[in-house]
Structures are given as structure tokens and as C-alpha cells.
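Source file: model00.txt; contents: compact mmCIF, C-alpha atoms (C1' of nucleotides).
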```
# COMPACT_ATOMS: atom_id res chain seq x y z
CA MET A 1 -3.19 10.95 28.70
CA LEU A 2 -6.02 10.55 26.34
CA ASP A 3 -9.58 10.54 27.54
CA THR A 4 -11.73 7.98 25.82
CA GLU A 5 -14.37 10.62 25.51
CA ASN A 6 -11.89 13.03 24.07
CA LYS A 7 -13.18 13.15 20.55
CA VAL A 8 -10.54 14.08 18.07
CA VAL A 9 -12.86 15.94 15.82
CA GLY A 10 -14.98 18.86 16.82
CA PRO A 11 -14.64 22.58 17.39
CA GLY A 12 -11.10 23.73 16.87
CA TRP A 13 -10.25 20.65 14.86
CA GLN A 14 -8.31 22.66 12.34
CA GLU A 15 -6.10 24.18 15.01
CA ARG A 16 -5.09 20.70 16.11
CA VAL A 17 -4.08 19.88 12.59
CA TYR A 18 -2.05 23.03 12.33
CA GLY A 19 -0.37 22.33 15.64
CA VAL A 20 0.84 18.95 14.42
CA VAL A 21 1.91 20.14 10.99
CA ARG A 22 3.91 22.96 12.51
CA ARG A 23 6.11 20.38 14.22
CA VAL A 24 7.11 18.74 10.98
CA GLN A 25 10.81 19.23 10.53
CA SER A 26 12.22 20.85 7.47
CA GLY A 27 13.27 18.33 4.86
CA SER A 28 10.81 15.77 6.18
CA VAL A 29 7.31 14.94 5.06
CA THR A 30 4.25 13.41 6.67
CA THR A 31 0.97 12.06 5.42
CA TYR A 32 -2.62 12.98 6.03
CA GLY A 33 -3.15 9.67 7.72
CA ASP A 34 -0.21 10.21 10.04
CA VAL A 35 -1.45 13.60 11.11
CA ALA A 36 -4.91 12.16 11.61
CA SER A 37 -3.46 9.30 13.64
CA VAL A 38 -1.61 11.72 15.88
CA LEU A 39 -4.89 13.45 16.48
CA GLY A 40 -6.38 10.11 17.43
CA SER A 41 -8.36 9.03 14.38
CA PRO A 42 -6.73 7.81 11.17
CA ARG A 43 -10.16 7.96 9.62
CA VAL A 44 -10.17 11.73 9.51
CA ALA A 45 -7.37 11.95 7.00
CA ARG A 46 -9.68 13.83 4.69
CA HIS A 47 -10.18 16.55 7.24
CA VAL A 48 -6.47 17.12 7.47
CA GLY A 49 -6.48 18.06 3.82
CA TRP A 50 -9.61 20.03 4.38
CA ALA A 51 -8.03 22.02 7.16
CA LEU A 52 -4.96 22.69 5.07
CA ALA A 53 -7.12 23.76 2.18
CA ALA A 54 -8.51 26.53 4.32
CA LEU A 55 -5.05 27.55 5.38
CA PRO A 56 -3.94 31.07 4.35
CA GLU A 57 -0.76 31.38 2.33
CA ASP A 58 0.81 33.68 4.88
CA SER A 59 0.39 31.05 7.54
CA ASP A 60 3.38 29.63 9.39
CA VAL A 61 2.12 26.10 8.86
CA PRO A 62 4.32 24.03 6.51
CA TRP A 63 1.34 22.58 4.68
CA HIS A 64 3.57 21.54 1.79
CA ARG A 65 5.15 18.87 3.98
CA VAL A 66 1.86 17.04 4.18
CA ILE A 67 1.21 14.56 1.37
CA ASN A 68 -0.96 11.50 0.91
CA ALA A 69 -0.14 7.93 1.93
CA LYS A 70 1.09 7.12 -1.55
CA GLY A 71 3.88 9.63 -1.22
CA THR A 72 2.50 11.80 -3.96
CA ILE A 73 1.03 15.25 -3.99
CA SER A 74 -2.70 14.87 -3.82
CA PHE A 75 -3.18 17.98 -5.83
CA ARG A 76 -2.88 17.93 -9.56
CA GLY A 77 0.62 18.72 -10.67
CA ASP A 78 -0.56 21.40 -13.03
CA THR A 79 -2.21 23.43 -10.34
CA PRO A 80 -0.36 26.44 -8.92
CA ARG A 81 -0.51 25.05 -5.42
CA GLY A 82 0.64 21.62 -6.48
CA MET A 83 3.68 23.05 -8.19
CA LEU A 84 4.29 25.31 -5.23
CA GLN A 85 4.26 22.37 -2.86
CA ARG A 86 6.77 20.47 -4.93
CA ALA A 87 8.97 23.55 -5.27
CA LEU A 88 8.94 24.18 -1.54
CA LEU A 89 9.80 20.58 -0.76
CA GLU A 90 12.62 20.47 -3.27
CA ALA A 91 13.94 23.66 -1.71
CA GLU A 92 14.15 21.75 1.58
CA GLY A 93 15.98 18.83 0.03
CA VAL A 94 13.00 16.59 -0.65
CA LEU A 95 13.38 15.13 -4.09
CA PHE A 96 10.68 13.63 -6.29
CA ASP A 97 11.12 10.67 -8.58
CA GLU A 98 9.84 10.27 -12.13
CA ARG A 99 6.36 9.64 -10.82
CA SER A 100 6.44 12.69 -8.55
CA ARG A 101 6.71 10.48 -5.51
CA VAL A 102 8.89 11.03 -2.46
CA ASP A 103 10.75 8.40 -0.46
CA LEU A 104 8.35 8.04 2.42
CA LYS A 105 10.39 5.28 4.00
CA ARG A 106 13.25 7.70 4.42
CA LEU A 107 11.56 11.07 4.79
CA ARG A 108 8.45 10.07 6.71
CA TRP A 109 8.23 12.12 9.89
CA ARG A 110 6.72 10.95 13.14
CA TYR A 111 5.11 13.23 15.65
CA GLU A 112 6.50 11.45 18.68
CA LEU A 113 10.03 11.84 17.38
CA SER A 114 9.91 15.59 17.69
C1' DG B 1 -32.44 20.80 10.45
C1' DG B 2 -30.61 17.71 6.27
C1' DC B 3 -27.85 16.94 1.89
C1' DT B 4 -23.53 17.43 -0.66
C1' DT B 5 -18.73 18.09 -0.98
C1' DG B 6 -13.91 16.86 -0.20
C1' DA B 7 -5.48 18.34 -0.36
C1' DC B 8 -7.62 10.58 1.77
C1' DG B 9 -6.95 5.67 3.63
C1' DC B 10 -7.73 0.96 3.57
C1' DT B 11 -9.33 -3.38 1.59
C1' DT B 12 -10.20 -6.20 -2.18
C1' DA B 13 -9.82 -7.65 -7.11
C1' DG C 1 2.50 -3.47 -9.15
C1' DT C 2 -2.12 -0.75 -10.36
C1' DA C 3 -7.37 0.03 -10.27
C1' DA C 4 -11.82 0.42 -8.24
C1' DG C 5 -15.04 0.64 -4.26
C1' DC C 6 -16.37 1.69 0.48
C1' DG C 7 -15.96 4.35 4.66
C1' DC C 8 -15.44 8.31 7.49
C1' DC C 9 -16.67 13.01 9.45
C1' DA C 10 -16.47 18.30 9.59
C1' DA C 11 -17.63 22.34 6.86
C1' DG C 12 -20.56 24.62 3.58
C1' DC C 13 -24.99 25.51 1.49
```

Will you turn the file into C-alpha cells for me?
Amino acid sequence: MLDTENKVVGPGWQERVYGVVRRVQSGSVTTYGDVASVLGSPRVARHVGWALAALPEDSDVPWHRVINAKGTISFRGDTPRGMLQRALLEAEGVLFDERSRVDLKRLRWRYELS
DNA sequence: GGCTTGACGCTTA
DNA sequence: GTAAGCGCCAAGC
């Protein structure tokens, strides 16, 4: 039940992102575009990252399970948060290849499958 | 009120 | 397969 006038973006946009990311299962990953699509607009993929960027570390949102469409960590690998994301994913069983990419075809998570 | 920034995606070369 | 360009919209200043 989606109203055509129900704009995806707007006040409380970040909370919607968090709500979707929270449903990502452990050991699975999703992309910014997927989260944005669930919210109704694949175009707002950037805002997903933006919302996660403003996310506190003590949050219960598994932000580390959100990566870009290429299957790589958008952040630079030498940044503390980038390494943290990879470490957290590996702790959940998500392995990275030589190019720091994950197997999206196998680990990609879909909102409607929850 | 307007301009700039930004954890990206898609299309084209 | 990789590289570069355009688009898209909220938040911050």
C-alpha cells in the first residue's frame, strides 16, 4: 500500500533507512541502492550512506552490512571505519576476495525476504 | 532563502 | 572487464 504522493524522502528519512538496515540478517549484506529501492526511490542511494554516516557507533543498526552496488566497501580501506566494517562482516562469515569485494550474488539480502 | 557537499547508481565509452 | 560522466536529493553552512 504505497501512496503515489508518499514521498520517500523527507522528514524522518534517516529513520526509514535505519528501519530497513536493522532487518538485514547477520551474515548477509545489502547495497545502498537496495535500501533506497525498498524506501521507494533507487535514486536516493546517496542518502542511505548519508544517513549511515550520521549513525552513532552505539546504535543497534548494522550499518556495516550496507555496501555499494559493486560489492565493495565505499569507504577507503585504510580508514578506521572501513576496516571496522570489514572486520565486522568477516566476524559474521562474510568473506572478502583479493579486491575486497563480497559475493553479492550469494550474500545479497532482500527486504521482502525477511 | 540559495549554494555546496556527499558511505552512490546507472549509462556510455 | 574497467573508467569517466551525469543525475539525484537531503543535510549543512

What gap, in Å, lies between atom CA of A:His47 and atom CA of A:Arg16?
-> 11.0 Å

In file coordinates, which residues lie within 12 Å of (-5.9, 10.7, 11.0) using all atoms listed in the file, given as a PyMOL selection string?
-> (chain A and resi 8-9+13+16-17+20+30-49+68-69) or (chain B and resi 8-9) or (chain C and resi 8-9)

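If you measure from each of A:Thr72, A:Gly19, A:Val61, A:Arg110 to chain B using all atoms listed in the file, the closest one turns out to be A:Thr72.
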
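For the pair atom CA of A:Gly93 and atom CA of A:Ile73, the separation is 15.9 Å.
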
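Put simply, atom CA of A:Pro56 is 14.5 Å away from atom CA of A:Pro80.
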
Contact residues around C:DG12 with all atoms listed in the file at 12 Å, ignoring same-chain residues under 6 positions, as a PyMOL selection string | (chain A and resi 50) or (chain B and resi 3-6)

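The list of residues with at least one atom within 10 Å of A:Arg108, based on all atoms listed in the file and without residues fewer than 6 positions apart in the same chain, reads A:Val24, A:Gly27, A:Ser28, A:Val29, A:Thr30, A:Thr31, A:Asp34, A:Arg65, A:Val66, A:Gly71, A:Val102.
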
Fill-in result for stretch 89-110 of chain A, N, CA, C and O atoms as a short mmCIF file (atom, residue, chain, number, x, y, z; two decimals), keeping the file's coordinate frame:
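File produced: out-v4.cif:
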```cif
data_model
loop_
_atom_site.label_atom_id
_atom_site.label_comp_id
_atom_site.auth_asym_id
_atom_site.auth_seq_id
_atom_site.Cartn_x
_atom_site.Cartn_y
_atom_site.Cartn_z
N LEU A 89 9.17 21.78 -1.28
CA LEU A 89 9.80 20.58 -0.76
C LEU A 89 11.20 20.39 -1.36
O LEU A 89 12.15 20.06 -0.65
N GLU A 90 11.31 20.61 -2.63
CA GLU A 90 12.62 20.47 -3.27
C GLU A 90 13.60 21.48 -2.69
O GLU A 90 14.79 21.21 -2.57
N ALA A 91 13.09 22.63 -2.32
CA ALA A 91 13.94 23.66 -1.71
C ALA A 91 14.46 23.20 -0.36
O ALA A 91 15.50 23.65 0.12
N GLU A 92 13.74 22.25 0.27
CA GLU A 92 14.15 21.75 1.58
C GLU A 92 14.96 20.46 1.45
O GLU A 92 15.36 19.87 2.44
N GLY A 93 15.16 20.03 0.23
CA GLY A 93 15.98 18.83 0.03
C GLY A 93 15.16 17.60 -0.26
O GLY A 93 15.71 16.50 -0.38
N VAL A 94 13.86 17.74 -0.35
CA VAL A 94 13.00 16.59 -0.65
C VAL A 94 12.88 16.44 -2.17
O VAL A 94 12.38 17.33 -2.85
N LEU A 95 13.37 15.33 -2.64
CA LEU A 95 13.38 15.13 -4.09
C LEU A 95 12.24 14.22 -4.53
O LEU A 95 11.84 13.30 -3.83
N PHE A 96 11.76 14.44 -5.73
CA PHE A 96 10.68 13.63 -6.29
C PHE A 96 11.24 12.73 -7.39
O PHE A 96 12.18 13.10 -8.10
N ASP A 97 10.65 11.57 -7.53
CA ASP A 97 11.12 10.67 -8.58
C ASP A 97 10.34 10.96 -9.87
O ASP A 97 9.62 11.94 -9.98
N GLU A 98 10.49 10.06 -10.83
CA GLU A 98 9.84 10.27 -12.13
C GLU A 98 8.33 10.35 -12.00
O GLU A 98 7.66 11.00 -12.79
N ARG A 99 7.81 9.66 -11.01
CA ARG A 99 6.36 9.64 -10.82
C ARG A 99 5.91 10.66 -9.78
O ARG A 99 4.85 10.55 -9.20
N SER A 100 6.77 11.63 -9.52
CA SER A 100 6.44 12.69 -8.55
C SER A 100 6.14 12.11 -7.18
O SER A 100 5.27 12.58 -6.48
N ARG A 101 6.90 11.07 -6.84
CA ARG A 101 6.71 10.48 -5.51
C ARG A 101 7.97 10.70 -4.66
O ARG A 101 9.07 10.69 -5.17
N VAL A 102 7.76 10.84 -3.36
CA VAL A 102 8.89 11.03 -2.46
C VAL A 102 9.17 9.73 -1.73
O VAL A 102 8.32 8.84 -1.65
N ASP A 103 10.38 9.61 -1.18
CA ASP A 103 10.75 8.40 -0.46
C ASP A 103 10.21 8.46 0.96
O ASP A 103 10.86 8.91 1.88
N LEU A 104 8.99 7.98 1.11
CA LEU A 104 8.35 8.04 2.42
C LEU A 104 9.12 7.25 3.46
O LEU A 104 9.20 7.64 4.62
N LYS A 105 9.68 6.13 3.04
CA LYS A 105 10.39 5.28 4.00
C LYS A 105 11.57 6.01 4.63
O LYS A 105 12.00 5.71 5.73
N ARG A 106 12.09 6.98 3.91
CA ARG A 106 13.25 7.70 4.42
C ARG A 106 12.89 9.08 4.98
O ARG A 106 13.48 9.56 5.93
N LEU A 107 11.88 9.69 4.39
CA LEU A 107 11.56 11.07 4.79
C LEU A 107 10.34 11.17 5.68
O LEU A 107 10.01 12.24 6.17
N ARG A 108 9.65 10.03 5.90
CA ARG A 108 8.45 10.07 6.71
C ARG A 108 8.76 10.55 8.12
O ARG A 108 9.65 10.04 8.77
N TRP A 109 8.01 11.51 8.57
CA TRP A 109 8.23 12.12 9.89
C TRP A 109 7.19 11.64 10.87
O TRP A 109 6.04 11.46 10.54
N ARG A 110 7.64 11.41 12.10
CA ARG A 110 6.72 10.95 13.14
C ARG A 110 6.60 11.98 14.24
O ARG A 110 7.59 12.51 14.70
#
```
